[in-house]
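> Structure file target-v6.csv (CSV, C-alpha atoms and all ligand atoms) is given on the next line.
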chain,number,residue,atom,x,y,z
I,621,MET,CA,6.1,11.9,14.2
I,622,ILE,CA,5.5,11.4,17.9
I,623,ASP,CA,3.6,14.6,17.7
I,624,GLN,CA,0.4,16.0,19.1
I,625,ALA,CA,-1.7,14.0,16.7
I,626,LEU,CA,-0.5,10.7,18.1
I,627,ARG,CA,-0.9,11.8,21.7
I,628,GLU,CA,-4.5,12.9,20.9
I,629,ALA,CA,-5.2,9.6,19.1
I,630,MET,CA,-4.0,7.7,22.2
I,631,GLN,CA,-6.2,9.9,24.4
I,632,ARG,CA,-9.2,9.2,22.3
I,633,ALA,CA,-8.4,5.5,22.5
I,634,GLY,CA,-8.2,5.7,26.3
I,635,VAL,CA,-4.6,4.6,26.7
I,636,ASP,CA,-1.6,6.1,28.5
I,637,ALA,CA,1.0,4.2,26.5
I,638,LEU,CA,1.2,2.5,23.1
I,639,TRP,CA,3.3,-0.5,22.1
I,640,ILE,CA,3.9,-0.2,18.4
I,641,SER,CA,4.9,-3.4,16.5
I,642,GLY,CA,3.5,-3.0,12.9
I,643,PRO,CA,6.7,-2.5,10.8
I,644,ALA,CA,5.4,0.4,8.8
I,645,ASN,CA,4.2,2.1,12.0
I,646,VAL,CA,7.5,1.6,13.7
I,647,ARG,CA,9.2,3.1,10.7
I,648,ALA,CA,6.8,6.1,10.5
I,649,VAL,CA,7.2,6.9,14.2
I,650,SER,CA,11.0,6.4,14.5
I,651,GLY,CA,12.5,6.7,11.0
I,652,PHE,CA,14.3,3.3,11.6
I,653,THR,CA,14.5,1.5,8.2
I,654,HIS,CA,14.6,-2.1,9.4
I,655,PRO,CA,11.3,-1.9,11.3
I,656,LYS,CA,10.6,-5.6,11.2
I,657,ASP,CA,13.3,-5.9,13.9
I,658,GLY,CA,12.1,-2.9,15.9
I,659,LYS,CA,9.3,-1.9,18.3
I,660,VAL,CA,8.4,1.5,19.8
I,661,LEU,CA,7.0,2.2,23.2
I,662,VAL,CA,5.2,5.6,23.5
I,663,THR,CA,4.4,6.7,27.0
I,664,GLY,CA,3.0,10.0,28.3
I,665,ASP,CA,6.3,11.9,28.1
I,666,ALA,CA,8.7,9.6,26.2
I,667,ALA,CA,9.1,7.3,23.3
I,668,THR,CA,11.8,4.7,22.8
I,669,LEU,CA,12.9,2.5,19.8
I,670,PHE,CA,13.7,-1.1,20.9
I,671,THR,CA,15.9,-3.1,18.6
I,672,ASP,CA,18.7,-5.5,18.9
I,673,SER,CA,22.5,-5.4,18.7
I,674,ARG,CA,22.5,-6.2,14.9
I,675,TYR,CA,21.2,-2.7,14.4
I,676,THR,CA,23.0,-0.6,17.1
I,677,VAL,CA,24.8,1.6,14.5
I,678,GLN,CA,21.9,1.8,12.0
I,679,ALA,CA,19.4,2.7,14.7
I,680,ARG,CA,21.7,5.4,16.1
I,681,GLU,CA,22.0,6.9,12.6
I,682,GLU,CA,18.4,6.7,11.6
I,683,SER,CA,16.2,6.8,14.6
I,684,ARG,CA,14.6,10.1,15.7
I,685,LEU,CA,13.9,8.4,19.0
I,686,PRO,CA,16.3,7.3,21.8
I,687,GLN,CA,17.2,3.6,21.4
I,688,ALA,CA,17.2,0.6,23.8
I,689,ILE,CA,19.3,-2.3,22.5
I,690,ALA,CA,18.0,-5.6,23.7
I,691,ARG,CA,16.4,-8.9,22.5
I,692,PRO,CA,13.2,-10.3,24.0
I,693,PRO,CA,12.7,-11.2,26.8
I,694,GLU,CA,15.1,-8.5,27.9
I,695,THR,CA,13.2,-6.0,25.7
I,696,TYR,CA,10.1,-6.5,27.8
I,697,GLU,CA,12.0,-6.5,31.1
I,698,LEU,CA,13.6,-3.1,30.1
I,699,ALA,CA,10.2,-1.6,29.4
I,700,ALA,CA,8.4,-3.1,32.4
I,701,GLU,CA,9.1,-0.3,34.8
I,702,SER,CA,7.8,2.5,32.5
I,703,VAL,CA,4.4,0.7,31.9
I,704,LYS,CA,3.7,-0.1,35.5
I,705,GLY,CA,0.1,0.8,36.4
I,706,LEU,CA,-0.6,2.1,32.8
I,707,ARG,CA,-3.2,1.3,30.3
I,708,VAL,CA,-1.0,0.1,27.4
I,709,GLY,CA,-2.5,-0.1,23.9
I,710,PHE,CA,-1.1,-2.7,21.5
I,711,GLU,CA,-1.7,-3.1,17.8
I,712,ALA,CA,-4.2,-6.0,17.6
I,713,GLU,CA,-3.6,-6.3,13.8
I,714,HIS,CA,0.2,-6.7,14.2
I,715,LEU,CA,1.0,-8.3,17.5
I,716,THR,CA,1.0,-12.1,17.4
I,717,VAL,CA,-0.8,-14.1,20.1
I,718,ALA,CA,2.6,-15.4,21.3
I,719,ASN,CA,3.9,-11.8,21.7
I,720,LEU,CA,0.7,-10.8,23.6
I,721,GLU,CA,1.4,-13.7,26.0
I,722,ASP,CA,4.9,-12.4,26.5
I,723,LEU,CA,3.7,-8.9,27.2
I,724,ARG,CA,1.2,-10.3,29.7
I,725,ARG,CA,3.9,-12.3,31.5
I,726,HIS,CA,6.5,-9.5,31.6
I,727,TRP,CA,4.1,-6.5,32.3
I,728,PRO,CA,1.8,-7.9,35.0
I,729,GLU,CA,1.1,-4.5,36.4
I,730,ALA,CA,0.0,-3.0,33.1
I,731,THR,CA,-3.5,-3.2,31.5
I,732,LEU,CA,-3.1,-4.3,27.9
I,733,VAL,CA,-5.7,-2.8,25.6
I,734,PRO,CA,-6.2,-4.1,22.0
I,735,LEU,CA,-6.4,-1.2,19.4
I,736,ARG,CA,-6.9,-1.1,15.7
I,737,GLY,CA,-5.8,1.4,13.1
I,738,VAL,CA,-4.5,4.2,15.4
I,739,MET,CA,-1.2,4.7,13.6
I,740,GLU,CA,-2.7,3.7,10.2
I,741,GLY,CA,-5.3,6.5,10.6
I,742,LEU,CA,-2.5,9.0,11.2
I,743,ARG,CA,-0.4,7.7,8.3
I,744,ALA,CA,-3.3,8.2,5.8
I,745,VAL,CA,-2.5,11.9,5.4
I,746,LYS,CA,1.0,12.2,4.0
I,747,THR,CA,3.6,14.9,4.7
I,748,PRO,CA,5.1,16.9,1.8
I,749,GLN,CA,8.2,14.8,2.1
I,750,GLU,CA,6.2,11.6,1.9
I,751,ILE,CA,4.3,12.8,-1.1
I,752,ALA,CA,7.6,13.5,-2.8
I,753,ALA,CA,8.9,10.0,-1.9
I,754,VAL,CA,5.8,8.3,-3.4
I,755,GLN,CA,6.0,10.5,-6.5
I,756,ALA,CA,9.7,9.5,-6.9
I,757,ALA,CA,8.7,5.8,-6.7
I,758,GLN,CA,5.9,6.4,-9.3
I,759,ASP,CA,8.1,8.4,-11.6
I,760,LEU,CA,10.5,5.4,-11.6
I,761,ALA,CA,7.6,3.0,-12.2
I,762,ASP,CA,6.5,5.1,-15.2
I,763,ARG,CA,10.0,4.9,-16.7
I,764,ALA,CA,10.1,1.2,-16.1
I,765,PHE,CA,6.7,0.7,-17.8
I,766,ALA,CA,7.9,2.8,-20.8
I,767,HIS,CA,11.0,0.6,-20.9
I,768,VAL,CA,9.0,-2.6,-21.1
I,769,ARG,CA,6.0,-1.5,-23.2
I,770,PRO,CA,7.7,-2.5,-26.5
I,771,MET,CA,8.1,-6.0,-25.1
I,772,ILE,CA,4.4,-6.5,-24.8
I,773,ARG,CA,3.8,-8.3,-28.1
I,774,ALA,CA,2.9,-11.7,-29.5
I,775,GLY,CA,5.5,-14.4,-28.9
I,776,VAL,CA,6.9,-12.9,-25.6
I,777,ARG,CA,6.4,-14.5,-22.2
I,778,GLU,CA,4.6,-12.7,-19.4
I,779,TRP,CA,7.6,-13.7,-17.2
I,780,ASP,CA,10.1,-11.8,-19.4
I,781,VAL,CA,8.1,-8.6,-19.1
I,782,ALA,CA,8.0,-8.9,-15.3
I,783,LEU,CA,11.7,-9.8,-15.2
I,784,ALA,CA,12.5,-6.6,-17.3
I,785,ILE,CA,10.5,-4.5,-14.9
I,786,GLU,CA,12.2,-5.9,-11.9
I,787,ALA,CA,15.7,-5.5,-13.4
I,788,PHE,CA,15.0,-1.9,-14.4
I,789,LEU,CA,13.8,-1.0,-10.9
I,790,ARG,CA,16.8,-2.8,-9.2
I,791,GLN,CA,19.2,-1.0,-11.5
I,792,GLU,CA,17.8,2.3,-10.2
I,793,GLY,CA,18.1,1.3,-6.5
I,794,ALA,CA,14.5,0.3,-6.1
I,795,GLU,CA,12.6,-3.0,-6.0
I,796,ASN,CA,9.2,-4.4,-6.9
I,797,ALA,CA,6.5,-3.0,-4.6
I,798,PHE,CA,4.8,-6.5,-5.0
I,799,ASP,CA,5.1,-9.4,-7.5
I,800,VAL,CA,4.5,-7.9,-10.9
I,801,ILE,CA,1.2,-8.8,-12.4
I,802,VAL,CA,1.3,-9.6,-16.1
I,803,ALA,CA,-2.0,-11.3,-17.1
I,804,SER,CA,-2.6,-11.9,-20.8
I,805,GLY,CA,-5.6,-13.2,-22.7
I,806,PRO,CA,-7.8,-15.4,-20.5
I,807,ARG,CA,-5.4,-15.0,-17.5
I,808,GLY,CA,-6.6,-11.4,-17.4
I,809,ALA,CA,-9.7,-12.7,-15.6
I,810,MET,CA,-7.4,-13.1,-12.5
I,811,PRO,CA,-7.1,-9.7,-10.8
I,812,HIS,CA,-3.9,-10.8,-9.2
I,813,GLY,CA,-2.5,-13.0,-12.0
I,814,SER,CA,1.2,-12.7,-11.3
I,815,ALA,CA,3.4,-13.1,-14.4
I,816,SER,CA,3.5,-16.7,-15.7
I,817,MET,CA,5.5,-18.5,-18.4
I,818,ARG,CA,2.5,-18.0,-20.8
I,819,VAL,CA,3.4,-16.7,-24.2
I,820,MET,CA,1.3,-13.6,-25.2
I,821,GLN,CA,-0.7,-13.9,-28.4
I,822,ASP,CA,-2.0,-11.5,-31.1
I,823,GLY,CA,-5.4,-10.1,-30.4
I,824,GLU,CA,-5.1,-10.3,-26.6
I,825,LEU,CA,-5.4,-7.7,-23.9
I,826,VAL,CA,-2.6,-7.7,-21.3
I,827,THR,CA,-3.0,-6.3,-17.8
I,828,VAL,CA,0.3,-5.1,-16.2
I,829,ASP,CA,0.0,-4.0,-12.5
I,830,MET,CA,3.3,-2.9,-11.0
I,831,GLY,CA,4.9,-0.7,-8.4
I,832,ALA,CA,8.3,0.5,-7.2
I,833,ARG,CA,9.4,0.5,-3.6
I,834,LEU,CA,12.0,3.3,-3.3
I,835,ASN,CA,13.4,4.5,0.0
I,836,GLY,CA,10.6,2.6,1.7
I,837,TYR,CA,7.8,4.2,-0.2
I,838,HIS,CA,5.6,2.5,-2.7
I,839,SER,CA,3.8,3.2,-6.0
I,840,ASP,CA,1.0,1.3,-7.6
I,841,MET,CA,-0.3,1.5,-11.2
I,842,THR,CA,-2.1,-0.7,-13.7
I,843,ARG,CA,-2.3,-0.4,-17.5
I,844,THR,CA,-4.1,-2.8,-19.8
I,845,VAL,CA,-2.7,-2.8,-23.3
I,846,ALA,CA,-3.7,-4.5,-26.5
I,847,ILE,CA,-1.6,-6.7,-28.8
I,848,GLY,CA,-3.1,-6.1,-32.3
I,849,THR,CA,-6.9,-5.9,-32.3
I,850,PRO,CA,-8.8,-7.6,-29.5
I,851,SER,CA,-12.3,-8.9,-29.8
I,852,GLU,CA,-15.2,-6.5,-29.9
I,853,GLU,CA,-16.3,-7.8,-26.5
I,854,MET,CA,-13.0,-7.0,-24.8
I,855,ARG,CA,-12.8,-3.6,-26.4
I,856,ARG,CA,-16.2,-2.9,-25.0
I,857,VAL,CA,-15.0,-4.0,-21.6
I,858,TYR,CA,-11.9,-1.9,-21.9
I,859,ASN,CA,-13.8,1.3,-22.7
I,860,ALA,CA,-16.3,0.7,-19.9
I,861,VAL,CA,-13.5,0.3,-17.3
I,862,LEU,CA,-11.8,3.4,-18.7
I,863,GLU,CA,-15.0,5.4,-18.4
I,864,ALA,CA,-15.4,4.3,-14.8
I,865,GLU,CA,-11.8,5.1,-14.0
I,866,GLU,CA,-11.8,8.5,-15.5
I,867,ALA,CA,-15.1,9.4,-13.9
I,868,ALA,CA,-13.9,8.3,-10.4
I,869,VAL,CA,-10.6,10.2,-10.7
I,870,LYS,CA,-12.5,13.4,-11.7
I,871,ALA,CA,-14.7,13.0,-8.6
I,872,VAL,CA,-11.7,12.9,-6.2
I,873,LYS,CA,-11.7,15.9,-3.7
I,874,PRO,CA,-11.6,16.5,0.0
I,875,GLY,CA,-14.8,15.6,1.8
I,876,VAL,CA,-15.8,12.9,-0.6
I,877,ARG,CA,-16.7,9.6,1.1
I,878,ALA,CA,-14.6,6.7,-0.1
I,879,ALA,CA,-17.7,4.5,-0.3
I,880,ASP,CA,-19.4,7.0,-2.6
I,881,LEU,CA,-16.4,7.0,-5.0
I,882,ASP,CA,-16.5,3.2,-5.1
I,883,LYS,CA,-20.3,3.4,-5.9
I,884,LEU,CA,-19.7,5.9,-8.6
I,885,ALA,CA,-17.4,3.6,-10.5
I,886,ARG,CA,-19.4,0.5,-9.7
I,887,ASP,CA,-22.6,2.2,-11.0
I,888,ILE,CA,-20.9,2.9,-14.4
I,889,LEU,CA,-19.7,-0.7,-14.7
I,890,THR,CA,-23.2,-1.9,-13.7
I,891,LYS,CA,-24.7,0.3,-16.5
I,892,HIS,CA,-22.5,-1.6,-18.9
I,893,GLY,CA,-23.6,-5.0,-17.5
I,894,LEU,CA,-20.2,-5.4,-15.7
I,895,GLY,CA,-21.2,-4.8,-12.1
I,896,GLU,CA,-20.7,-8.4,-11.1
I,897,ALA,CA,-17.4,-8.5,-13.0
I,898,PHE,CA,-15.9,-5.8,-10.8
I,899,ALA,CA,-14.5,-8.2,-8.2
I,900,HIS,CA,-12.7,-5.9,-5.8
I,901,SER,CA,-12.7,-2.5,-4.2
I,902,LEU,CA,-12.1,0.7,-6.2
I,903,GLY,CA,-8.8,1.5,-4.5
I,904,HIS,CA,-6.7,2.1,-1.4
I,905,GLY,CA,-4.2,4.4,0.2
I,906,VAL,CA,-0.5,4.0,-0.7
I,907,GLY,CA,2.6,5.0,1.2
I,908,LEU,CA,5.0,2.9,3.5
I,909,GLU,CA,2.7,0.0,2.5
I,910,VAL,CA,1.0,-0.8,-0.8
I,911,HIS,CA,-2.4,-1.1,0.8
I,912,GLU,CA,-3.1,1.6,3.4
I,913,VAL,CA,-5.9,3.6,4.7
I,914,PRO,CA,-8.2,4.9,3.2
I,915,GLY,CA,-10.0,1.9,1.8
I,916,LEU,CA,-12.2,2.8,-1.2
I,917,ARG,CA,-14.8,0.2,-0.8
I,918,GLY,CA,-18.6,0.1,-0.2
I,919,THR,CA,-18.3,-0.6,3.6
I,920,SER,CA,-15.6,2.1,4.2
I,921,GLU,CA,-16.2,4.9,6.7
I,922,ASP,CA,-13.2,6.9,5.3
I,923,VAL,CA,-13.5,10.4,4.0
I,924,LEU,CA,-10.9,11.9,1.6
I,925,LYS,CA,-8.6,14.5,3.0
I,926,PRO,CA,-5.9,16.7,1.4
I,927,GLY,CA,-2.6,14.8,1.5
I,928,MET,CA,-4.0,11.3,1.1
I,929,ILE,CA,-2.5,9.3,-1.8
I,930,ILE,CA,-5.0,6.8,-3.2
I,931,THR,CA,-5.4,4.4,-6.2
I,932,ILE,CA,-8.4,4.5,-8.4
I,933,GLU,CA,-8.5,1.1,-10.1
I,934,PRO,CA,-11.8,-0.3,-11.4
I,935,GLY,CA,-11.6,-3.6,-13.2
I,936,ALA,CA,-13.8,-6.2,-14.9
I,937,TYR,CA,-13.0,-9.9,-15.0
I,938,LEU,CA,-14.7,-12.4,-17.3
I,939,PRO,CA,-13.7,-16.0,-16.3
I,940,ASP,CA,-12.2,-17.9,-19.3
I,941,VAL,CA,-12.4,-14.8,-21.5
I,942,GLY,CA,-10.1,-12.1,-20.1
I,943,GLY,CA,-10.1,-9.0,-18.0
I,944,VAL,CA,-9.2,-5.3,-17.8
I,945,ARG,CA,-7.9,-3.1,-14.9
I,946,ILE,CA,-6.9,0.5,-15.2
I,947,GLU,CA,-5.3,2.1,-12.2
I,948,ASP,CA,-3.9,5.6,-11.4
I,949,LEU,CA,-2.2,6.8,-8.4
I,950,VAL,CA,-3.9,10.0,-7.2
I,951,LEU,CA,-3.0,12.7,-4.7
I,952,VAL,CA,-5.9,14.4,-2.9
I,953,THR,CA,-5.2,18.1,-3.0
I,954,GLU,CA,-6.8,21.1,-1.2
I,955,ASP,CA,-9.2,21.7,-4.0
I,956,GLY,CA,-9.4,18.4,-5.9
I,957,TYR,CA,-6.7,15.9,-7.1
I,958,ARG,CA,-3.5,15.5,-9.0
I,959,VAL,CA,-2.8,12.3,-10.9
I,960,MET,CA,0.7,11.1,-10.0
I,961,SER,CA,1.0,8.2,-12.5
I,962,LEU,CA,1.7,9.5,-16.0
I,963,SER,CA,2.0,6.4,-18.2
I,964,PRO,CA,-0.3,6.9,-21.1
I,965,LYS,CA,-3.6,5.0,-21.3
I,966,GLU,CA,-3.9,3.5,-24.8
I,967,THR,CA,-6.9,3.5,-27.1
I,968,VAL,CA,-8.2,0.0,-27.7
L,1001,LIG,C1,-0.7,-7.9,-3.5
L,1001,LIG,S1,-0.5,-6.2,-3.7
L,1001,LIG,C2,-1.4,-5.9,-5.2
L,1001,LIG,C3,-1.5,-4.5,-5.6
L,1001,LIG,C4,-2.5,-4.3,-6.6
L,1001,LIG,N1,-2.1,-3.2,-7.4
L,1001,LIG,C5,-3.9,-4.0,-6.0
L,1001,LIG,O1,-4.0,-3.2,-5.2
L,1001,LIG,N2,-4.9,-4.8,-6.4
L,1001,LIG,C6,-6.2,-4.5,-6.0
L,1001,LIG,C7,-7.2,-5.2,-6.9
L,1001,LIG,C8,-6.4,-5.0,-4.6
L,1001,LIG,O2,-5.8,-5.9,-4.1
L,1001,LIG,N3,-7.4,-4.3,-3.8
L,1001,LIG,C9,-7.7,-4.6,-2.5
L,1001,LIG,C10,-7.5,-3.4,-1.6
L,1001,LIG,C11,-9.1,-5.1,-2.3
L,1001,LIG,O3,-9.9,-4.8,-3.2
L,1001,LIG,O4,-9.3,-5.8,-1.3
In structure tokens, write the structure found in this file.
Ligand SMILES: CSCC[C@H](N)C(=O)N[C@@H](C)C(=O)N[C@@H](C)C(=O)O

Amino acid sequence: MIDQALREAMQRAGVDALWISGPANVRAVSGFTHPKDGKVLVTGDAATLFTDSRYTVQAREESRLPQAIARPPETYELAAESVKGLRVGFEAEHLTVANLEDLRRHWPEATLVPLRGVMEGLRAVKTPQEIAAVQAAQDLADRAFAHVRPMIRAGVREWDVALAIEAFLRQEGAENAFDVIVASGPRGAMPHGSASMRVMQDGELVTVDMGARLNGYHSDMTRTVAIGTPSEEMRRVYNAVLEAEEAAVKAVKPGVRAADLDKLARDILTKHGLGEAFAHSLGHGVGLEVHEVPGLRGTSEDVLKPGMIITIEPGAYLPDVGGVRIEDLVLVTEDGYRVMSLSPKETV
């Protein structure tokens, strides 16, 4: 992926070279699958993966880029010659202060320029191979959800549902994309209520938010399901969130501003008196990370483009009462959208 797009992005950012240290960015640019222990230096005419001797064989097998095997500070010394006199961008969101001090010490003749979101912006639009990888992760997550759905009943612990999801994914060569959220009854008021030892009860709504990480790519989906018949209030909340979710999904197409999509869903929830209860953004991109560009929030400048994979996930959270979130994974296509998550949404 050291292609024209990256060179142009570097030019726009006013740098001659780029030191890439964000793990997902290192992986995207090199193909190396242990990117926490890798860095990439892109200069005008070259790009090199730096990793250490634990990964000599792995890097040789996986990396599309030539490799330099060294550990810091030798890594910086090896690169020093090629950055002499250059303006070198670094990823301000990923480089630690200590690492920046190291770069300053070892590259005294380079001008270090903090940059944000260069690689992330390029990664927002997925290749056909990446779309297939996310779809495979989502297909697996759909199967895992179907597998555990019968367990979501009175008398079962949230923890056991999460455990069964994780076991299913691991059995299939994947892992959790993030700690499984199973939030039942009043715990549903916590948007990120990771599974607890709580025993689920009759008449409760249960929010399950889960994803698979398969071959480095993530999926993300939420379903809220009922055990028996929930209160009239919670059924009203469920149907309001479902209305907002379906309307936002239908509005997905290239050229739509992410902020406008967020507003569309928020306005529907506000109409139902739940505007304040929608305590987070409408969604986010998904790929090598669970949370990627674009950000579907009121302050976002992002505009949808074909090839983006996003979540649409409105929610409403009532402290001490409960909550609902419904989330689909959606591909932006040339003329609209395709929903990638196929687990059924239940009538409540
Ligand atoms: C810790 S990963 C959680 C993944 C979960 N499916 C999720 O995306 N939850 C959203 C409510 C969320 O965290 N949204 C972010 C982008 C936000 O609104 O800041």
> Find the distance between atom CA of Leu760 of chain I and atom CA of Glu933 of chain I and write it in Å to one decimal.
19.5 Å
> What separation in Å, quoted to one decimal, exists between atom CA of Ile801 of chain I and atom CA of Val828 of chain I?
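These two atoms are separated by 5.4 Å.
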> Got a sec: who's within 9 Å of segment 804-813 of chain I, counting all atoms listed in the file, leaving out chain neighbours fewer than 5 positions off, as a PDB file with C-alpha atoms, keeping the file's coordinate frame?

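Writing the result to part.pdb gives the following:
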ATOM      1  CA  GLU I 778       4.600 -12.700 -19.400  1.00  0.00           C
ATOM      2  CA  ARG I 818       2.500 -18.000 -20.800  1.00  0.00           C
ATOM      3  CA  VAL I 819       3.400 -16.700 -24.200  1.00  0.00           C
ATOM      4  CA  MET I 820       1.300 -13.600 -25.200  1.00  0.00           C
ATOM      5  CA  GLN I 821      -0.700 -13.900 -28.400  1.00  0.00           C
ATOM      6  CA  GLY I 823      -5.400 -10.100 -30.400  1.00  0.00           C
ATOM      7  CA  GLU I 824      -5.100 -10.300 -26.600  1.00  0.00           C
ATOM      8  CA  LEU I 825      -5.400  -7.700 -23.900  1.00  0.00           C
ATOM      9  CA  VAL I 826      -2.600  -7.700 -21.300  1.00  0.00           C
ATOM     10  CA  THR I 827      -3.000  -6.300 -17.800  1.00  0.00           C
ATOM     11  CA  VAL I 828       0.300  -5.100 -16.200  1.00  0.00           C
ATOM     12  CA  ASP I 829       0.000  -4.000 -12.500  1.00  0.00           C
ATOM     13  CA  ALA I 899     -14.500  -8.200  -8.200  1.00  0.00           C
ATOM     14  CA  HIS I 900     -12.700  -5.900  -5.800  1.00  0.00           C
ATOM     15  CA  GLY I 935     -11.600  -3.600 -13.200  1.00  0.00           C
ATOM     16  CA  ALA I 936     -13.800  -6.200 -14.900  1.00  0.00           C
ATOM     17  CA  TYR I 937     -13.000  -9.900 -15.000  1.00  0.00           C
ATOM     18  CA  LEU I 938     -14.700 -12.400 -17.300  1.00  0.00           C
ATOM     19  CA  PRO I 939     -13.700 -16.000 -16.300  1.00  0.00           C
ATOM     20  CA  ASP I 940     -12.200 -17.900 -19.300  1.00  0.00           C
ATOM     21  CA  VAL I 941     -12.400 -14.800 -21.500  1.00  0.00           C
ATOM     22  CA  GLY I 942     -10.100 -12.100 -20.100  1.00  0.00           C
ATOM     23  CA  GLY I 943     -10.100  -9.000 -18.000  1.00  0.00           C
ATOM     24  CA  VAL I 944      -9.200  -5.300 -17.800  1.00  0.00           C
ATOM     25  CA  ARG I 945      -7.900  -3.100 -14.900  1.00  0.00           C
TER      26      ARG I 945
END
> Excluding Val952 of chain I and its own-chain neighbours fewer than 2 positions away, which residues fall within 7 Å of it when counting all atoms listed in the file? Please give them as a ChimeraX atom specification.
/I:872-874,925-929,950,954,956-958
> Within 10 Å of ligand LIG 1001 (chain L), counting all atoms listed in the file: which residues, as a PyMOL selection string?
chain I and resi 797-801+810-814+828-831+839-842+898-906+909-917+931-935+945-948
> Got a sec to check which residues sit within 12 Å of (-21.3, 1.2, -8.7), counting only C-alpha atoms, and write them as an MDAnalysis selection string?
chainID I and resid 861 864:865 867:868 879:902 916:918 934:935
> Find the residues around segment 653-657 of chain I up to 10 Å (all atoms listed in the file counted), leave out those fewer than 2 positions away in its own chain, and share them as a PyMOL selection string.
chain I and resi 641-648+650-651+659-660+669-672+674-675+678-679+682-683+691+835-836
> Using all atoms listed in the file, collect all residues at a distance of at most 12 Å from (8.1, 2.3, -16.9) as written in the file, then present them as a PyMOL selection string.
chain I and resi 757-771+781-782+784-789+792+828-832+839-843+961-964
> Return the single residue from I:Ile930, I:Val635, I:Val869, I:Ala774 that is closest to Val662 of chain I, with distances computed using all atoms listed in the file.
I:Val635
